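Data block for my_file-v5.cif (mmCIF, C-alpha atoms):
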data_coords
#
loop_
_atom_site.label_atom_id
_atom_site.label_comp_id
_atom_site.auth_asym_id
_atom_site.auth_seq_id
_atom_site.Cartn_x
_atom_site.Cartn_y
_atom_site.Cartn_z
CA MET A 908 32.01 9.50 6.12
CA ARG A 909 29.88 12.21 4.58
CA PHE A 910 27.68 9.56 3.03
CA GLU A 911 27.01 8.10 6.47
CA ALA A 912 25.87 11.48 7.74
CA PHE A 913 23.61 11.67 4.69
CA THR A 914 22.08 8.28 5.47
CA PHE A 915 21.34 9.43 9.00
CA PHE A 916 19.58 12.45 7.53
CA ILE A 917 17.51 10.04 5.40
CA LEU A 918 16.74 8.04 8.53
CA ALA A 919 15.47 11.19 10.22
CA LEU A 920 13.15 11.90 7.27
CA LEU A 921 11.84 8.34 7.37
CA SER A 922 11.18 8.71 11.09
CA ILE A 923 9.12 11.82 10.33
CA ALA A 924 7.11 9.76 7.83
CA VAL A 925 6.51 7.08 10.48
CA VAL A 926 5.28 9.76 12.90
CA ILE A 927 2.92 11.16 10.24
CA ALA A 928 1.52 7.66 9.62
CA PHE A 929 1.14 7.23 13.39
CA VAL A 930 -1.13 10.29 13.43
CA ARG A 931 -3.57 8.38 11.23
CA LEU A 932 -3.24 5.34 13.51
CA VAL A 933 -4.31 7.50 16.47
CA LEU A 934 -7.00 9.53 14.66
CA GLY A 935 -8.41 6.97 12.24
CA PRO A 936 -12.17 6.94 12.67
CA SER A 937 -12.63 3.32 11.63
CA LEU A 938 -10.68 0.13 12.27
CA PRO A 939 -9.61 -0.32 8.60
CA ASP A 940 -8.03 3.15 8.80
CA ARG A 941 -5.86 2.04 11.68
CA VAL A 942 -4.91 -1.19 9.94
CA VAL A 943 -3.88 0.75 6.82
CA ALA A 944 -1.75 3.05 8.96
CA LEU A 945 -0.11 0.06 10.68
CA ASP A 946 0.60 -1.54 7.31
CA LEU A 947 2.21 1.67 6.10
CA MET A 948 4.31 1.86 9.28
CA THR A 949 5.68 -1.66 8.81
CA THR A 950 6.42 -0.92 5.16
CA LEU A 951 8.32 2.17 6.29
CA GLY A 952 10.10 -0.07 8.80
CA ILE A 953 11.46 -2.11 5.88
CA GLY A 954 12.84 1.09 4.39
CA VAL A 955 14.36 2.13 7.71
CA ILE A 956 16.08 -1.26 8.03
CA ALA A 957 17.46 -0.98 4.48
CA VAL A 958 18.83 2.53 5.12
CA TYR A 959 20.31 1.39 8.43
CA ALA A 960 22.04 -1.45 6.59
CA ILE A 961 23.77 1.21 4.47
CA ALA A 962 24.55 3.39 7.47
CA SER A 963 26.18 0.58 9.45
CA HIS A 964 27.77 -1.30 6.50
CA GLN A 965 26.04 -4.48 7.60
CA ALA A 966 24.32 -6.10 4.63
CA ILE A 967 22.95 -8.83 6.92
CA PHE A 968 20.15 -6.45 7.91
CA LEU A 969 18.54 -7.05 4.52
CA ASP A 970 17.51 -10.52 5.73
CA VAL A 971 15.65 -8.81 8.54
CA ALA A 972 13.94 -6.61 5.94
CA ILE A 973 12.70 -9.70 4.04
CA ILE A 974 11.30 -11.28 7.20
CA VAL A 975 9.60 -8.03 8.26
CA ALA A 976 8.03 -7.77 4.80
CA MET A 977 6.62 -11.30 5.09
CA ILE A 978 5.29 -10.80 8.62
CA SER A 979 3.71 -7.45 7.75
CA PHE A 980 1.96 -9.03 4.76
CA LEU A 981 0.66 -11.89 6.90
CA GLY A 982 -0.48 -9.46 9.59
CA THR A 983 -2.41 -7.32 7.12
CA ILE A 984 -4.03 -10.38 5.56
CA ALA A 985 -5.02 -11.67 9.00
CA PHE A 986 -6.48 -8.29 9.99
CA ALA A 987 -8.46 -8.10 6.74
CA TYR A 988 -9.68 -11.69 7.08
CA TYR A 989 -10.99 -11.24 10.61
CA LEU A 990 -12.47 -7.82 9.80
CA GLU A 991 -14.41 -9.43 7.00
CA ARG A 992 -15.54 -12.29 9.25
CA ARG A 993 -16.60 -9.87 11.97
CA ALA A 994 -18.72 -7.80 9.60
CA MET B 230 29.99 7.20 -8.24
CA ARG B 231 28.28 4.36 -6.40
CA GLU B 232 27.48 6.71 -3.56
CA ILE B 233 26.02 9.31 -5.90
CA ILE B 234 23.63 6.81 -7.53
CA SER B 235 22.74 5.29 -4.20
CA GLY B 236 22.15 8.69 -2.62
CA THR B 237 19.93 9.81 -5.49
CA LEU B 238 17.84 6.66 -5.15
CA LEU B 239 17.61 7.23 -1.40
CA VAL B 240 16.35 10.77 -1.90
CA ILE B 241 13.77 9.65 -4.48
CA GLY B 242 12.56 6.83 -2.24
CA THR B 243 12.31 9.06 0.82
CA ALA B 244 10.35 11.67 -1.15
CA PHE B 245 7.83 9.05 -2.26
CA ILE B 246 7.55 7.67 1.27
CA LEU B 247 6.92 11.12 2.74
CA ILE B 248 4.25 11.79 0.09
CA SER B 249 2.62 8.46 0.90
CA ALA B 250 2.59 9.20 4.66
CA LEU B 251 1.11 12.63 3.98
CA GLY B 252 -1.52 11.05 1.74
CA VAL B 253 -2.54 8.63 4.47
CA VAL B 254 -3.20 11.55 6.78
CA ARG B 255 -4.74 13.98 4.29
CA MET B 256 -6.94 11.75 2.12
CA PRO B 257 -10.65 11.95 3.00
CA ASP B 258 -11.57 8.28 2.74
CA VAL B 259 -10.30 4.79 3.68
CA TYR B 260 -10.19 3.68 0.07
CA LEU B 261 -8.18 6.69 -1.06
CA ARG B 262 -5.87 6.20 1.92
CA ILE B 263 -5.32 2.59 0.88
CA ALA B 264 -4.46 3.74 -2.65
CA SER B 265 -2.05 6.35 -1.32
CA SER B 266 -0.33 4.07 1.18
CA THR B 267 0.06 1.11 -1.16
CA LYS B 268 1.34 2.55 -4.40
CA SER B 269 3.75 5.27 -3.46
CA SER B 270 5.15 3.56 -0.35
CA THR B 271 5.92 0.44 -2.41
CA LEU B 272 7.70 2.59 -4.97
CA GLY B 273 9.62 4.44 -2.27
CA VAL B 274 10.74 1.35 -0.39
CA GLY B 275 11.64 -0.25 -3.72
CA ALA B 276 13.89 2.69 -4.56
CA ILE B 277 15.54 2.50 -1.12
CA LEU B 278 16.20 -1.25 -1.50
CA LEU B 279 17.63 -0.57 -4.96
CA ALA B 280 19.91 2.02 -3.36
CA THR B 281 21.10 -0.66 -0.94
CA ALA B 282 21.81 -3.02 -3.83
CA VAL B 283 23.80 -0.31 -5.64
CA TYR B 284 25.70 0.72 -2.52
CA PHE B 285 26.96 -2.72 -1.50
CA ASP B 286 27.78 -3.70 -5.13
CA GLU B 287 27.75 -7.43 -4.48
CA ILE B 288 25.70 -9.99 -6.33
CA GLY B 289 24.48 -11.81 -3.21
CA ILE B 290 23.26 -8.65 -1.52
CA ALA B 291 21.72 -7.28 -4.71
CA SER B 292 19.79 -10.49 -5.25
CA ARG B 293 18.42 -10.30 -1.72
CA ALA B 294 17.36 -6.66 -2.19
CA ILE B 295 15.70 -7.45 -5.53
CA ALA B 296 13.92 -10.46 -4.01
CA THR B 297 12.51 -8.14 -1.33
CA ILE B 298 11.38 -5.66 -4.02
CA ILE B 299 9.62 -8.41 -5.97
CA PHE B 300 8.00 -9.71 -2.81
CA LEU B 301 6.71 -6.22 -1.98
CA LEU B 302 5.44 -5.71 -5.51
CA ILE B 303 3.52 -8.98 -5.34
CA THR B 304 2.08 -8.68 -1.84
CA ALA B 305 1.18 -4.98 -1.57
CA PRO B 306 -1.72 -5.07 -4.08
CA VAL B 307 -3.09 -8.26 -2.51
CA ALA B 308 -3.07 -6.72 0.96
CA ALA B 309 -4.63 -3.50 -0.34
CA HIS B 310 -7.35 -5.41 -2.14
CA MET B 311 -8.21 -7.41 0.97
CA MET B 312 -8.24 -4.30 3.15
CA GLY B 313 -10.53 -2.47 0.74
CA ARG B 314 -12.85 -5.45 0.59
CA ALA B 315 -12.95 -5.74 4.39
CA ALA B 316 -13.59 -2.00 4.73
CA TYR B 317 -16.45 -2.11 2.22
CA SER B 318 -18.07 -5.12 3.84
CA ASN B 319 -17.77 -3.41 7.22
CA GLY B 320 -19.80 -0.54 5.82
CA VAL B 321 -17.13 2.14 6.04
CA PRO B 322 -18.66 5.17 4.30
CA LEU B 323 -17.26 6.47 1.04
CA TRP B 324 -16.17 10.06 0.59
CA GLU B 325 -19.07 12.26 -0.49
CA GLY B 326 -17.13 13.32 -3.59
CA THR B 327 -16.91 9.74 -4.87
CA LEU B 328 -18.15 9.57 -8.44
CA TYR B 329 -18.51 5.84 -9.06
CA ASN B 330 -19.60 3.12 -6.69
CA GLU B 331 -20.14 0.13 -8.89
CA LEU B 332 -21.02 -2.14 -5.98
CA LYS B 333 -23.86 0.17 -4.93
CA GLY B 334 -27.09 -1.79 -4.59
CA GLN B 335 -25.38 -5.05 -5.55
CA TYR B 336 -23.65 -5.91 -2.29
CA ASP B 337 -25.84 -7.01 0.58
CA LEU B 338 -24.30 -5.72 3.80
CA GLU B 339 -26.41 -8.06 5.95
CA THR B 340 -25.72 -11.39 4.29
CA HIS B 341 -22.43 -10.40 2.58
CA THR B 342 -23.44 -11.72 -0.77
CA LEU B 343 -22.91 -10.12 -4.12
CA ALA B 344 -25.81 -10.18 -6.54
CA SER B 345 -26.44 -8.64 -9.92
CA PHE B 346 -29.45 -6.45 -10.56
CA GLU B 347 -32.77 -8.02 -11.47
CA GLU B 348 -32.83 -9.59 -14.90
CA VAL B 349 -33.03 -6.88 -17.51
CA SER B 350 -36.11 -7.27 -19.70
CA LYS B 351 -35.39 -8.40 -23.21
CA PRO B 352 -35.06 -5.48 -25.65
CA ASP B 353 -37.75 -6.87 -27.97
CA THR B 354 -39.34 -3.66 -29.16
CA ASN B 355 -36.19 -1.65 -29.62
CA LEU B 356 -34.58 -4.24 -31.91
CA ASP B 357 -37.52 -4.09 -34.35
CA ASP B 358 -37.38 -0.32 -34.41
CA ILE B 359 -33.70 -0.37 -35.25
CA GLU B 360 -34.16 -2.91 -38.02
CA GLN B 361 -37.00 -0.97 -39.57
CA SER B 362 -35.14 2.28 -39.51
CA SER B 363 -32.05 0.73 -41.10
CA THR B 364 -34.01 -0.92 -43.94
#

Represent the structure of the file as structure tokens.
Amino acid sequence: MRFEAFTFFILALLSIAVVIAFVRLVLGPSLPDRVVALDLMTTLGIGVIAVYAIASHQAIFLDVAIIVAMISFLGTIAFAYYLERRA
Amino acid sequence: MREIISGTLLVIGTAFILISALGVVRMPDVYLRIASSTKSSTLGVGAILLATAVYFDEIGIASRAIATIIFLLITAPVAAHMMGRAAYSNGVPLWEGTLYNELKGQYDLETHTLASFEEVSKPDTNLDDIEQSST
């Protein structure tokens, strides 16, 4: 029970990290800055899903983490590809 | 015991993730931000997934967590490399404190081709001087 409270504390810290990365998404002077911030936010999303799997005792959430990792990689590659084409 | 190990890994991973998020905001340059966001966030998420594997203590779940870690370790450098390349070819300026820019003068921003410098002239005179001085 105490460990669950601890995992929720960890989730709160991860949410703070997502908010900090979101600051760069809003500020970012160039488009690659924003893409880097988005990539970091999806990577943090994988961490949030993994911690939530511990908090809710549902290991099935790890499958979601794998899929999110794949989609975030594809999204970053697509962004980089079209940025390079646009240049 | 399981919970202690898992909790320690969670704290380590969260610390690295917070540092990486701070680095993305505080770094002066896209390229430094890419370095900050890729390396330490991969390490942090890897530690968190390892904590999940330790906590559930089951071979099927641990193999899934480790597969995710390996996938992240493979894909994060590739994505960072492509983002840095796209940023450079878009002409995003480097930080003024940058010491080395090895692509400077070799990458054509108009045609997006990479070329070496003009052919260096053969060191014909210098070689003779060296040989004479050695003999």

Find the residue from A:Gly954, A:Ala928, A:Ala912, A:Tyr988 that sits nearest to Arg255 in chain B; use all atoms listed in the file when measuring. A:Ala928

For chain A, which residues have at least one atom within 6 Å of chain B, if we go by all atoms listed in the file? Write them as a list in words, please. Ala924, Ile927, Ala928, Arg931, Pro939, Asp940, Gly954, Ile973, Ile984, Ala987, Leu990, Glu991 and Ala994 of chain A

Using only C-alpha atoms, pick whichever of A:Arg909, A:Leu945, A:Arg992, A:Asp970 has the shortest atom-to-atom distance to Ala957 in chain A.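 Of A:Arg909, A:Leu945, A:Arg992, A:Asp970, the one nearest Ala957 in chain A, counting only C-alpha atoms, is A:Asp970.
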
Assuming 5 Å of padding per side, give the centre and edge lengths of the axis-aligned box around every listed atom of range 249-256 of chain B, in Å to one decimal and as AutoDock Vina command-line options.
--center_x -2.2 --center_y 11.2 --center_z 3.8 --size_x 19.6 --size_y 15.5 --size_z 15.9

Which is closer to Ala962 in chain A than all the others in A:Thr949, A:Ile923, A:Ile978, A:Glu911, using all atoms listed in the file?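 Checking each of A:Thr949, A:Ile923, A:Ile978, A:Glu911 against Ala962 in chain A, counting all atoms listed in the file, the winner is A:Glu911.
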
CA of Val971 in chain A to CA of Val942 in chain A, distance in Å rounded to a single decimal: 22.0 Å

Just the residues within 8 Å of Thr914 in chain A, please, counting all atoms listed in the file, with nothing from its chain fewer than 3 positions along; format it as number ranges by chain. A: 910-911, 917-918, 958-959, 961-962

Residues as selected, C-alpha atoms, written as a JSON list (two decimals), in the coordinates of the input, can you do that?
[["chain", "number", "residue", "atom", "x", "y", "z"],
["A", 910, "PHE", "CA", 27.68, 9.56, 3.03],
["A", 911, "GLU", "CA", 27.01, 8.10, 6.47],
["A", 917, "ILE", "CA", 17.51, 10.04, 5.40],
["A", 918, "LEU", "CA", 16.74, 8.04, 8.53],
["A", 958, "VAL", "CA", 18.83, 2.53, 5.12],
["A", 959, "TYR", "CA", 20.31, 1.39, 8.43],
["A", 961, "ILE", "CA", 23.77, 1.21, 4.47],
["A", 962, "ALA", "CA", 24.55, 3.39, 7.47]]

Name the residues in contact with Phe929 in chain A at a cut-off of 8 Å, using all atoms listed in the file, excluding same-chain residues fewer than 3 positions from it; report them as number ranges by chain. A: 925-926, 932-933, 944-945, 948

Of the listed residues A:Phe916, A:Ser963, A:Val943, A:Ile953, that which approaches Gly982 in chain A most closely, counting all atoms listed in the file: A:Val943

When you count only C-alpha atoms, which of these residues is closest to Met977 in chain A: A:Asp946, A:Gly935, A:Leu921, A:Val930?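 Among the listed residues, A:Asp946 lies closest to Met977 in chain A.
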
Could you check how far CA of Ile956 in chain A sits from CA of Ala919 in chain A, in Å to one decimal?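 Pair CA of Ile956 in chain A / CA of Ala919 in chain A returns 12.7 Å.
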
Between CA of Ile974 in chain A and CA of Phe986 in chain A - distance in Å to one decimal: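 A separation of 18.2 Å between them.
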